[in-house]
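Novice: Structure file run.tsv (TSV, C-alpha atoms) right here:
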chain	number	residue	atom	x	y	z
A	1	MET	CA	11.59	-69.20	3.94
A	2	ILE	CA	13.56	-71.90	5.73
A	3	ASP	CA	13.13	-72.62	9.43
A	4	SER	CA	16.25	-73.77	11.22
A	5	THR	CA	15.36	-75.45	14.53
A	6	SER	CA	17.95	-76.42	17.11
A	7	SER	CA	17.78	-79.49	19.33
A	8	SER	CA	16.40	-77.44	22.17
A	9	SER	CA	12.70	-77.01	22.82
A	10	LEU	CA	12.99	-73.17	22.39
A	11	PRO	CA	10.54	-72.04	19.70
A	12	PRO	CA	12.03	-70.17	16.64
A	13	PRO	CA	10.91	-66.71	15.40
A	14	VAL	CA	7.76	-66.92	13.25
A	15	ASN	CA	6.21	-64.85	10.42
A	16	VAL	CA	9.56	-63.59	9.25
A	17	SER	CA	8.96	-61.05	6.41
A	18	ALA	CA	10.74	-58.24	4.62
A	19	VAL	CA	9.85	-54.89	3.10
A	20	CYS	CA	12.32	-53.99	0.38
A	21	HIS	CA	11.40	-50.81	-1.50
A	22	ASN	CA	13.71	-48.11	-2.92
A	23	PHE	CA	16.69	-49.77	-1.19
A	24	HIS	CA	15.09	-49.36	2.21
A	25	ASN	CA	15.05	-52.93	3.53
A	26	VAL	CA	13.59	-53.93	6.90
A	27	ILE	CA	13.07	-57.43	8.34
A	28	TYR	CA	10.08	-58.15	10.62
A	29	TRP	CA	9.16	-61.23	12.76
A	30	ASN	CA	7.02	-62.44	15.66
A	31	TYR	CA	7.59	-64.82	18.57
A	32	SER	CA	5.15	-67.32	20.01
A	33	GLU	CA	6.45	-67.24	23.62
A	34	PRO	CA	7.12	-63.58	24.50
A	35	SER	CA	7.00	-64.45	28.23
A	36	LEU	CA	10.41	-66.09	27.81
A	37	ARG	CA	11.85	-62.67	27.02
A	38	PRO	CA	14.17	-63.87	24.24
A	39	GLN	CA	17.00	-61.87	22.66
A	40	PHE	CA	17.28	-61.78	18.87
A	41	ASN	CA	20.25	-61.72	16.52
A	42	VAL	CA	19.99	-60.93	12.77
A	43	THR	CA	22.69	-62.20	10.40
A	44	ILE	CA	23.07	-61.66	6.63
A	45	ALA	CA	24.70	-64.26	4.36
A	46	THR	CA	25.48	-63.69	0.67
A	47	LEU	CA	26.83	-65.80	-2.13
A	48	TYR	CA	29.97	-63.70	-2.45
A	49	SER	CA	30.79	-62.66	1.12
A	50	LYS	CA	30.89	-64.05	4.64
A	51	ASP	CA	28.09	-63.74	7.16
A	52	SER	CA	27.61	-60.38	8.88
A	53	ILE	CA	25.75	-59.68	12.10
A	54	VAL	CA	23.41	-56.73	11.60
A	55	CYS	CA	21.39	-56.65	14.85
A	56	SER	CA	22.72	-58.26	18.03
A	57	ASN	CA	20.93	-59.12	21.29
A	58	THR	CA	17.92	-56.97	20.57
A	59	SER	CA	14.49	-57.35	22.10
A	60	LEU	CA	12.83	-55.64	19.14
A	61	TYR	CA	10.88	-57.51	16.49
A	62	HIS	CA	12.40	-55.77	13.47
A	63	CYS	CA	15.82	-54.96	12.04
A	64	ASP	CA	16.90	-52.50	9.32
A	65	VAL	CA	19.36	-54.19	6.93
A	66	SER	CA	19.48	-51.44	4.23
A	67	SER	CA	23.16	-50.60	4.64
A	68	PHE	CA	24.07	-54.29	4.15
A	69	THR	CA	21.98	-54.91	1.00
A	70	LYS	CA	23.26	-52.32	-1.53
A	71	GLU	CA	24.33	-54.84	-4.19
A	72	ILE	CA	21.25	-54.88	-6.42
A	73	SER	CA	22.54	-57.84	-8.45
A	74	ASN	CA	23.14	-59.98	-5.38
A	75	GLY	CA	20.87	-62.23	-3.31
A	76	TYR	CA	20.76	-62.23	0.50
A	77	ARG	CA	19.87	-64.86	3.09
A	78	ILE	CA	18.77	-63.17	6.29
A	79	ILE	CA	18.76	-65.28	9.46
A	80	VAL	CA	16.80	-64.28	12.59
A	81	THR	CA	17.86	-66.18	15.74
A	82	ALA	CA	16.04	-66.24	19.11
A	83	ALA	CA	18.14	-66.87	22.24
A	84	VAL	CA	17.10	-67.59	25.85
A	85	GLY	CA	20.14	-68.40	27.93
A	86	PRO	CA	22.18	-71.11	26.17
A	87	HIS	CA	19.23	-72.14	24.04
A	88	THR	CA	18.79	-70.78	20.48
A	89	ASN	CA	16.53	-71.30	17.52
A	90	SER	CA	16.35	-69.47	14.17
A	91	SER	CA	14.41	-68.80	10.95
A	92	ASP	CA	15.57	-67.20	7.68
A	93	ILE	CA	14.28	-65.40	4.56
A	94	LEU	CA	15.72	-64.78	1.05
A	95	LEU	CA	15.82	-61.24	-0.34
A	96	SER	CA	17.01	-59.78	-3.64
A	97	TYR	CA	16.19	-56.91	-6.02
A	98	ASP	CA	17.43	-58.94	-8.97
A	99	GLU	CA	14.65	-60.91	-10.62
A	100	THR	CA	17.10	-63.67	-11.60
A	101	MET	CA	17.84	-64.40	-7.93
A	102	ASP	CA	15.74	-66.48	-5.55
A	103	SER	CA	13.75	-64.24	-3.26
A	104	ASP	CA	10.85	-64.77	-0.84
A	105	VAL	CA	9.67	-61.20	-1.31
A	106	GLU	CA	9.34	-58.83	-4.27
A	107	CYS	CA	11.71	-55.89	-4.11
A	108	TRP	CA	11.20	-52.94	-6.47
A	109	LEU	CA	12.01	-49.26	-7.12
A	110	ASP	CA	9.69	-46.32	-7.66
A	111	PHE	CA	9.66	-44.75	-11.10
A	112	PRO	CA	11.26	-41.27	-11.24
A	113	PRO	CA	8.87	-38.30	-11.57
A	114	VAL	CA	7.37	-38.29	-15.07
A	115	ASN	CA	6.44	-35.15	-16.97
A	116	ILE	CA	3.88	-35.76	-19.71
A	117	SER	CA	2.67	-33.02	-22.05
A	118	VAL	CA	1.01	-32.69	-25.44
A	119	ALA	CA	3.62	-31.86	-28.07
A	120	SER	CA	1.17	-31.62	-30.96
A	121	LYS	CA	-2.28	-32.78	-31.89
A	122	GLU	CA	-0.93	-36.22	-32.65
A	123	MET	CA	2.00	-36.63	-30.23
A	124	ILE	CA	2.63	-36.52	-26.48
A	125	LYS	CA	6.03	-35.95	-24.89
A	126	VAL	CA	7.17	-38.18	-22.00
A	127	GLN	CA	10.17	-36.99	-20.01
A	128	PHE	CA	11.78	-38.21	-16.76
A	129	PRO	CA	15.27	-38.48	-15.14
A	130	HIS	CA	17.22	-41.71	-15.49
A	131	PRO	CA	16.62	-44.03	-12.46
A	132	LEU	CA	20.34	-44.18	-11.74
A	133	ASP	CA	20.33	-40.44	-11.24
A	134	LYS	CA	17.63	-40.78	-8.58
A	135	TYR	CA	19.18	-43.77	-6.76
A	136	LYS	CA	22.88	-43.06	-7.34
A	137	ASN	CA	23.50	-42.69	-3.60
A	138	ASP	CA	21.97	-46.11	-2.84
A	139	ILE	CA	23.80	-48.20	-5.44
A	140	ARG	CA	27.43	-49.18	-5.31
A	141	LYS	CA	29.51	-47.30	-7.86
A	142	ASP	CA	31.04	-50.46	-9.31
A	143	GLU	CA	27.51	-51.64	-10.22
A	144	MET	CA	26.31	-48.44	-11.86
A	145	GLU	CA	28.22	-49.17	-15.08
A	146	ASN	CA	26.42	-52.50	-15.42
A	147	HIS	CA	23.00	-50.89	-14.96
A	148	ASP	CA	23.30	-47.74	-17.05
A	149	LEU	CA	20.85	-48.95	-19.74
A	150	PHE	CA	17.26	-48.46	-18.70
A	151	LYS	CA	14.54	-50.22	-20.69
A	152	TYR	CA	10.95	-49.09	-20.19
A	153	GLN	CA	7.50	-49.60	-21.65
A	154	ILE	CA	4.64	-47.14	-22.15
A	155	VAL	CA	1.05	-48.26	-22.60
A	156	THR	CA	-1.37	-45.62	-23.96
A	157	ASP	CA	-5.17	-45.38	-23.67
A	158	ASN	CA	-5.77	-47.59	-26.69
A	159	LEU	CA	-3.56	-50.28	-25.06
A	160	THR	CA	-0.74	-49.72	-27.53
A	161	LEU	CA	2.61	-50.83	-26.10
A	162	HIS	CA	5.73	-48.78	-26.80
A	163	SER	CA	9.12	-50.25	-25.82
A	164	LEU	CA	11.89	-47.68	-25.32
A	165	GLU	CA	15.29	-47.34	-23.69
A	166	CYS	CA	17.77	-44.68	-22.60
A	167	SER	CA	21.37	-44.72	-21.36
A	168	TYR	CA	22.65	-42.99	-18.25
A	169	ILE	CA	26.06	-42.49	-19.87
A	170	ASP	CA	24.59	-40.64	-22.86
A	171	ASP	CA	22.04	-38.56	-21.03
A	172	TYR	CA	20.81	-38.22	-17.47
A	173	GLU	CA	17.28	-37.71	-18.77
A	174	CYS	CA	14.99	-39.98	-20.77
A	175	LEU	CA	12.80	-38.35	-23.43
A	176	SER	CA	10.37	-39.86	-25.94
A	177	GLU	CA	7.38	-38.87	-28.07
A	178	ILE	CA	4.38	-41.17	-28.31
A	179	PRO	CA	1.57	-41.02	-30.92
A	180	ILE	CA	-1.93	-40.44	-29.51
A	181	ASP	CA	-5.53	-40.26	-30.63
A	182	ALA	CA	-6.14	-36.62	-31.63
A	183	ALA	CA	-9.88	-36.92	-31.01
A	184	MET	CA	-9.37	-37.36	-27.25
A	185	ASP	CA	-9.14	-34.40	-24.87
A	186	ARG	CA	-7.33	-36.34	-22.16
A	187	HIS	CA	-4.44	-38.75	-22.51
A	188	CYS	CA	-3.22	-41.29	-19.93
A	189	ILE	CA	-0.32	-43.72	-19.90
A	190	ARG	CA	1.09	-46.50	-17.74
A	191	ILE	CA	4.85	-46.76	-17.56
A	192	ASN	CA	7.29	-49.25	-16.05
A	193	GLY	CA	10.77	-50.49	-16.76
A	194	LYS	CA	13.78	-52.46	-15.62
A	195	LEU	CA	17.18	-51.30	-14.55
A	196	ASN	CA	19.06	-54.38	-15.73
A	197	TYR	CA	16.90	-56.95	-13.81
A	198	VAL	CA	15.57	-54.61	-11.16
A	199	GLN	CA	11.88	-53.74	-11.42
A	200	VAL	CA	11.10	-49.99	-11.71
A	201	SER	CA	7.36	-49.35	-11.63
A	202	ALA	CA	4.91	-46.45	-11.51
A	203	GLN	CA	1.99	-47.40	-9.29
A	204	GLU	CA	-0.52	-44.92	-10.71
A	205	MET	CA	-1.72	-43.98	-14.18
A	206	ILE	CA	-0.26	-40.67	-15.40
A	207	CYS	CA	-2.64	-38.36	-17.30
A	208	THR	CA	-2.61	-35.00	-19.01
A	209	LYS	CA	-5.11	-32.76	-20.76
A	210	GLY	CA	-5.27	-32.55	-24.51
A	211	THR	CA	-4.28	-28.88	-24.93
A	212	PRO	CA	-1.04	-28.82	-26.97
A	213	ASP	CA	1.95	-26.82	-25.83
A	214	PHE	CA	1.88	-24.72	-29.01
A	215	ASP	CA	-1.60	-23.45	-28.12
A	216	HIS	CA	-0.29	-21.68	-25.04
A	217	GLY	CA	0.62	-18.65	-27.16
A	218	TYR	CA	-2.92	-18.44	-28.50
A	219	ILE	CA	-4.33	-18.69	-24.99
A	220	ALA	CA	-2.13	-15.79	-23.88
A	221	LEU	CA	-3.17	-13.83	-26.98
A	222	TYR	CA	-6.84	-14.39	-26.20
A	223	CYS	CA	-6.24	-12.95	-22.73
A	224	ILE	CA	-4.24	-9.93	-23.90
A	225	ILE	CA	-6.56	-8.78	-26.71
A	226	PRO	CA	-9.59	-8.12	-24.43
A	227	LEU	CA	-7.35	-6.14	-22.06
A	228	ILE	CA	-6.11	-3.95	-24.94
A	229	VAL	CA	-9.66	-3.36	-26.19
A	230	ALA	CA	-10.84	-2.46	-22.69
A	231	GLY	CA	-7.97	0.01	-22.33
A	232	VAL	CA	-8.80	1.72	-25.64
A	233	ILE	CA	-12.48	2.01	-24.68
A	234	ALA	CA	-11.56	3.51	-21.31
A	235	LEU	CA	-9.30	6.05	-23.06
A	236	PHE	CA	-12.09	7.16	-25.43
A	237	ILE	CA	-14.56	7.46	-22.54
A	238	SER	CA	-12.15	9.62	-20.52
A	239	MET	CA	-11.53	11.91	-23.53
A	240	TRP	CA	-15.28	12.25	-24.11
A	241	LEU	CA	-15.89	13.11	-20.47
A	242	ARG	CA	-13.18	15.77	-20.51
A	243	ARG	CA	-14.63	17.34	-23.65
A	244	LYS	CA	-18.13	17.22	-22.17
A	245	LEU	CA	-16.95	18.85	-18.96
A	246	LYS	CA	-15.13	21.57	-20.87
A	247	SER	CA	-18.18	22.37	-22.99
A	248	SER	CA	-20.38	22.58	-19.90
A	249	PHE	CA	-18.20	25.40	-18.53
A	250	SER	CA	-18.49	27.33	-21.79
A	251	THR	CA	-22.32	27.48	-21.45
A	252	PHE	CA	-22.23	29.72	-18.32
A	253	PRO	CA	-23.79	33.22	-18.82
A	254	ARG	CA	-21.30	36.01	-19.40
A	255	SER	CA	-22.50	37.78	-16.27
A	256	MET	CA	-21.51	34.70	-14.18
A	257	LEU	CA	-18.12	34.67	-15.80
A	258	SER	CA	-17.45	38.34	-14.84
A	259	HIS	CA	-19.48	38.91	-11.65
A	260	GLY	CA	-20.60	37.11	-8.56
A	261	LEU	CA	-20.22	33.35	-8.40
A	262	GLY	CA	-18.86	33.10	-11.92
A	263	ASN	CA	-16.15	35.59	-11.12
A	264	SER	CA	-15.01	33.67	-8.06
A	265	LEU	CA	-14.98	30.35	-9.87
A	266	LEU	CA	-13.79	31.15	-13.35
A	267	THR	CA	-11.63	34.27	-13.14
A	268	PRO	CA	-8.63	34.85	-10.93
A	269	GLN	CA	-8.86	37.44	-8.19
A	270	SER	CA	-7.29	40.75	-9.15
A	271	GLU	CA	-5.33	42.91	-6.80
A	272	THR	CA	-7.19	45.92	-5.34
A	273	LEU	CA	-5.13	49.04	-5.81
A	274	SER	CA	-5.61	52.18	-3.68
A	275	TYR	CA	-4.71	55.47	-5.28
A	276	LEU	CA	-3.34	58.38	-3.29
A	277	GLN	CA	-5.61	61.38	-3.42
A	278	THR	CA	-4.27	64.87	-2.77
A	279	ASP	CA	-6.18	67.02	-0.36
A	280	ASP	CA	-6.18	70.64	-1.64
A	281	SER	CA	-6.79	71.90	1.88
A	282	PHE	CA	-3.05	71.95	2.38
A	283	LEU	CA	-2.60	74.57	-0.32
A	284	PRO	CA	-2.67	78.20	0.87
A	285	GLU	CA	-5.23	80.52	-0.52
A	286	ALA	CA	-3.81	82.62	-3.26
A	287	PRO	CA	-4.08	86.41	-2.77
A	288	GLU	CA	-6.01	88.43	-5.21
A	289	PRO	CA	-4.05	89.54	-8.22
A	290	ASN	CA	-2.17	92.83	-7.86
A	291	GLU	CA	-0.67	94.55	-10.81
A	292	ASN	CA	2.07	96.15	-8.71
A	293	HIS	CA	3.03	92.88	-7.08
A	294	THR	CA	6.20	91.18	-8.24
A	295	PRO	CA	6.96	87.53	-7.56
A	296	THR	CA	9.27	86.80	-4.73
A	297	SER	CA	11.75	84.00	-5.21
A	298	ILE	CA	14.56	82.54	-3.28
A	299	PRO	CA	17.90	82.86	-5.03
A	300	GLN	CA	19.64	79.63	-5.89
A	301	GLU	CA	23.24	79.26	-4.99
A	302	GLU	CA	23.86	76.61	-7.57
A	303	GLU	CA	21.94	75.02	-10.34
A	304	GLY	CA	19.65	72.37	-8.96
A	305	ARG	CA	20.24	73.39	-5.29
A	306	PHE	CA	18.21	75.63	-3.04
A	307	PRO	CA	19.56	77.53	-0.02
A	308	MET	CA	19.00	76.12	3.41
A	309	GLY	CA	17.35	78.32	6.05
A	310	VAL	CA	16.41	82.04	5.64
A	311	THR	CA	18.49	84.39	3.50
A	312	ASP	CA	19.29	88.02	4.32
A	313	SER	CA	16.65	89.20	1.92
A	314	GLU	CA	14.02	87.06	3.68
A	315	GLU	CA	14.67	88.28	7.22
A	316	TYR	CA	11.97	90.32	8.71
A	317	GLY	CA	11.11	91.57	12.13
A	318	GLY	CA	14.74	92.58	12.66
A	319	ASP	CA	17.03	95.34	11.54
A	320	LYS	CA	17.34	94.03	7.99
A	321	MET	CA	14.65	94.29	5.38
A	322	SER	CA	14.46	92.81	1.89
A	323	SER	CA	15.21	94.91	-1.17
A	324	ASN	CA	11.51	94.79	-2.01
A	325	GLU	CA	10.62	96.70	1.10
A	326	GLY	CA	9.25	99.51	-0.95
A	327	SER	CA	6.63	97.37	-2.56
A	328	GLY	CA	4.31	98.12	0.31
A	329	SER	CA	1.58	95.89	1.59
A	330	SER	CA	2.01	93.36	-1.19
A	331	LEU	CA	5.40	92.39	0.08
A	332	GLY	CA	4.15	92.23	3.67
A	333	GLU	CA	1.25	90.04	2.65
A	334	THR	CA	3.61	87.82	0.75
A	335	ILE	CA	5.90	87.43	3.76
A	336	GLY	CA	2.98	86.82	6.07
A	337	LEU	CA	1.54	84.26	3.67
A	338	GLU	CA	4.88	82.53	3.53
A	339	GLN	CA	4.97	82.29	7.32
A	340	ASP	CA	1.41	80.93	7.54
A	341	THR	CA	2.04	78.44	4.75
A	342	GLU	CA	5.29	77.38	6.30
A	343	LYS	CA	3.55	76.76	9.64
A	344	ASP	CA	0.75	74.77	8.00
A	345	LEU	CA	3.08	72.62	5.96
A	346	MET	CA	5.58	72.05	8.77
A	347	SER	CA	3.00	70.86	11.29
A	348	GLY	CA	1.27	67.53	11.61
A	349	TYR	CA	1.73	64.23	9.77
A	350	ASP	CA	1.79	65.81	6.29
A	351	SER	CA	4.26	68.60	7.11
A	352	CYS	CA	6.66	69.59	4.35
A	353	HIS	CA	10.32	69.08	4.97
A	354	VAL	CA	11.61	71.83	2.61
A	355	PRO	CA	10.88	75.62	2.48
A	356	VAL	CA	7.99	76.69	0.28
A	357	THR	CA	8.22	79.77	-2.00
A	358	ILE	CA	5.11	81.60	-3.09
A	359	VAL	CA	5.36	82.93	-6.63
A	360	GLU	CA	3.11	84.96	-8.88
A	361	GLU	CA	3.21	84.59	-12.61
A	362	GLU	CA	1.49	86.58	-15.31
A	363	MET	CA	-0.12	84.07	-17.62
A	364	SER	CA	-1.50	86.77	-19.94
A	365	PRO	CA	-1.87	90.53	-19.79
A	366	GLY	CA	-3.86	91.30	-16.66
A	367	ASP	CA	-4.13	87.58	-15.68
A	368	MET	CA	-1.93	86.86	-12.62
A	369	VAL	CA	-1.60	83.38	-11.16
A	370	THR	CA	-0.28	82.74	-7.67
A	371	GLY	CA	1.40	79.43	-6.76
A	372	TYR	CA	4.17	77.88	-4.74
A	373	ARG	CA	7.25	75.92	-5.33
A	374	THR	CA	9.85	74.08	-3.27
As a first step, turn the structure in this file into structure tokens.

Specialist:
Amino acid sequence: MIDSTSSSSLPPPVNVSAVCHNFHNVIYWNYSEPSLRPQFNVTIATLYSKDSIVCSNTSLYHCDVSSFTKEISNGYRIIVTAAVGPHTNSSDILLSYDETMDSDVECWLDFPPVNISVASKEMIKVQFPHPLDKYKNDIRKDEMENHDLFKYQIVTDNLTLHSLECSYIDDYECLSEIPIDAAMDRHCIRINGKLNYVQVSAQEMICTKGTPDFDHGYIALYCIIPLIVAGVIALFISMWLRRKLKSSFSTFPRSMLSHGLGNSLLTPQSETLSYLQTDDSFLPEAPEPNENHTPTSIPQEEEGRFPMGVTDSEEYGGDKMSSNEGSGSSLGETIGLEQDTEKDLMSGYDSCHVPVTIVEEEMSPGDMVTGYRT
């Protein structure tokens, strides 16, 4: 750092420093006489361009110069000037990401995220995106072509150094396989590189376990097999329980299966049917057999039809008498029985809705049977 002191007695800024990391560059300083309430100006000078004022008349003690320091192959001289009235005094600092340039501070880039895995029992796979892909928005496009080749080094547990490189033009991703000690369960590496002359470093050791990627299928198989076995066992147990339960029902006594509790549990309820019983009290008493008695019938007008009402031959109590008038008391009893039967059947809930005819039939010589028909 170079201190530039003017002829005045105004003290310059002191402890000028810079933090330059991942293209985020900030200048810091202090001042010995803050009671003077100075104003500060920050100017950047380069080898290939004129001076540029970054921060003007600020009372702060820091200034962000990131947007003015995007040329990673260039060096910058940053001047901090204190001003109180007409009096000024200044100090400066050199800054560059390029290791070939003079710089008062070390500027560097973080390594892209690294994925490390075991490819086999004797190899590990190291994979990460090209640094230009991560910082492409912070680097000028005209410089990206000059920094497309990335050279990096990997140091394994046994301190073996592996020098590798990858091109951004060929592939946006860097991939390599490194031999390892198969006897170890855990593998760690340190990795760093340079993007042209810009330092790209990983601050921490990167480690992985020793289980190879090809063993993942076996691990899944070891998890699936016990599940299948458990499912088969559960299936056999359920079948055995169902068979056991079924056999327990078959051991019930036959009386329980047909009566009482067994009937209600094991047999479906049957419908209760009521049968209509005929009460013979409706039938008229048949008169005693009479040899001289002839059956009285109602003539049919047509086949299958019976006359409605009372015919001329059935009228009694009037002027007309039936042709069987001469049959004496038998005919009178028959007519009277017809009237009584008719009254009985036509009255009440069970009354008949058609005329009833009392008939006598000779079933065998001397055996007369009296009945009725509708």

Novice: If we count all atoms listed in the file, what is near range 142-146 of chain A at a cut-off of 12 Å, once residues fewer than 2 positions away on the same chain are taken out, given as a ChimeraX atom specification?

Specialist: /A:70-74,130-133,135-140,148-150,167-169,195-198

Novice: Between CA of Asp110 in chain A and CA of Lys151 in chain A, what is the distance in Å, rounded to a tenth?

Specialist: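 The value is 14.4 Å.
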
Novice: One number please: CA of Arg243 in chain A to CA of Ile225 in chain A, in Å, one decimal.

Specialist: 27.5 Å

Novice: For Phe111 in chain A, please output as a list in words all residues within 10 Å (counting all atoms listed in the file; exclusion window: fewer than 5 positions along the same chain).

Specialist: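 Answer for this query is Asn22, Phe128, Pro129, His130, Pro131, Lys134, Ile191, Asn192, Gly193, Lys194, Gln199, Val200, Ser201, Ala202 and Gln203 of chain A.
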
Novice: Export C-alpha atoms of the chosen residues as an mmCIF file, keeping the file's coordinate frame?

Specialist:
data_model
loop_
_atom_site.group_PDB
_atom_site.id
_atom_site.type_symbol
_atom_site.label_atom_id
_atom_site.label_comp_id
_atom_site.auth_asym_id
_atom_site.auth_seq_id
_atom_site.Cartn_x
_atom_site.Cartn_y
_atom_site.Cartn_z
ATOM 1 C CA ASN A 22 13.710 -48.110 -2.920
ATOM 2 C CA PHE A 128 11.780 -38.210 -16.760
ATOM 3 C CA PRO A 129 15.270 -38.480 -15.140
ATOM 4 C CA HIS A 130 17.220 -41.710 -15.490
ATOM 5 C CA PRO A 131 16.620 -44.030 -12.460
ATOM 6 C CA LYS A 134 17.630 -40.780 -8.580
ATOM 7 C CA ILE A 191 4.850 -46.760 -17.560
ATOM 8 C CA ASN A 192 7.290 -49.250 -16.050
ATOM 9 C CA GLY A 193 10.770 -50.490 -16.760
ATOM 10 C CA LYS A 194 13.780 -52.460 -15.620
ATOM 11 C CA GLN A 199 11.880 -53.740 -11.420
ATOM 12 C CA VAL A 200 11.100 -49.990 -11.710
ATOM 13 C CA SER A 201 7.360 -49.350 -11.630
ATOM 14 C CA ALA A 202 4.910 -46.450 -11.510
ATOM 15 C CA GLN A 203 1.990 -47.400 -9.290
#

Novice: Please report the interatomic distance between CA of Lys125 in chain A and CA of Leu175 in chain A in Å with one decimal.

Specialist: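 Between CA of Lys125 in chain A and CA of Leu175 in chain A the gap works out to 7.3 Å.
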
Novice: (17.0, -64.4, 18.0) in this file's frame - what residues fall within 10 Å of it? Use only C-alpha atoms and give the answer as a ChimeraX atom specification.

Specialist: /A:12-13,29,31,38-43,55-61,79-84,88-91

Novice: Considering only C-alpha atoms, state which residue in the set A:Met239, A:Leu36, A:Val359, A:Val26 is at the smallest distance from Leu10 in chain A.

Specialist: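 Between A:Met239, A:Leu36, A:Val359, A:Val26, the residue approaching Leu10 in chain A most closely is A:Leu36.
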
Novice: Compare A:Glu204, A:Asp102, A:Glu361, A:Asp181 by their minimum atom-to-atom distance to Thr46 in chain A, counting all atoms listed in the file, and give me the closest one.

Specialist: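 So, comparing all the options, the nearest one is A:Asp102.
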
Novice: Let me make sure I understand: among A:Ser247, A:Ser163, A:Asn15, A:Thr156, which one has the smallest atom-to-atom distance to Ile93 in chain A if we use all atoms listed in the file?

Specialist: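 Closest residue, counting all atoms listed in the file: A:Asn15.
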
Novice: Pick the closest to Leu47 in chain A from A:Ser67, A:Ser238, A:Ser96, A:Asn158: which is it, counting only C-alpha atoms?

Specialist: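 Among the listed residues, the smallest separation from Leu47 in chain A belongs to A:Ser96.
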
Novice: Might I get the box with edges along x, y and z of the file that holds all atoms of range 103-111 of chain A listed there, padded by 3 Å on every side, given as centre and edge lengths in Å to one decimal, as lines of an AutoDock Vina configuration file?

Specialist:
center_x = 11.5
center_y = -54.8
center_z = -6.0
size_x = 10.4
size_y = 26.0
size_z = 16.3

Novice: For Arg77 in chain A, which residue among A:His162, A:Arg37, A:His62, A:Lys50 is the nearest when counting all atoms listed in the file?

Specialist: A:Lys50

Novice: Which residues, written as a JSON list (two decimals) with C-alpha atoms, keeping the file's coordinate frame, have at least one atom at most 12 Å from Thr160 in chain A, with all atoms listed in the file counted and residues fewer than 6 positions away on the same chain left out?

Specialist:
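Output below, filename around-v4.json:
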[["chain", "number", "residue", "atom", "x", "y", "z"],
["A", 153, "GLN", "CA", 7.50, -49.60, -21.65],
["A", 154, "ILE", "CA", 4.64, -47.14, -22.15],
["A", 178, "ILE", "CA", 4.38, -41.17, -28.31],
["A", 179, "PRO", "CA", 1.57, -41.02, -30.92],
["A", 180, "ILE", "CA", -1.93, -40.44, -29.51],
["A", 181, "ASP", "CA", -5.53, -40.26, -30.63],
["A", 188, "CYS", "CA", -3.22, -41.29, -19.93],
["A", 189, "ILE", "CA", -0.32, -43.72, -19.90],
["A", 190, "ARG", "CA", 1.09, -46.50, -17.74],
["A", 191, "ILE", "CA", 4.85, -46.76, -17.56]]

Novice: Quick one: of A:His147, A:Lys244, A:Lys121, A:Lys141, who's nearest to Met184 in chain A, counting only C-alpha atoms?

Specialist: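 Ranking A:His147, A:Lys244, A:Lys121, A:Lys141 by distance to Met184 in chain A, first place goes to A:Lys121.
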
Novice: Excluding same-chain residues fewer than 6 positions from Gly75 in chain A, what lies within 12 Å of it counting all atoms listed in the file, as a list in words?

Specialist: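 Answer for this query is Ile44, Ala45, Thr46, Leu47, Tyr48, Ser49, Phe68, Thr69, Ile93, Leu94, Leu95, Ser96, Tyr97, Asp98, Glu99, Thr100, Met101, Asp102, Ser103, Asp104, Val105 and Cys107 of chain A.
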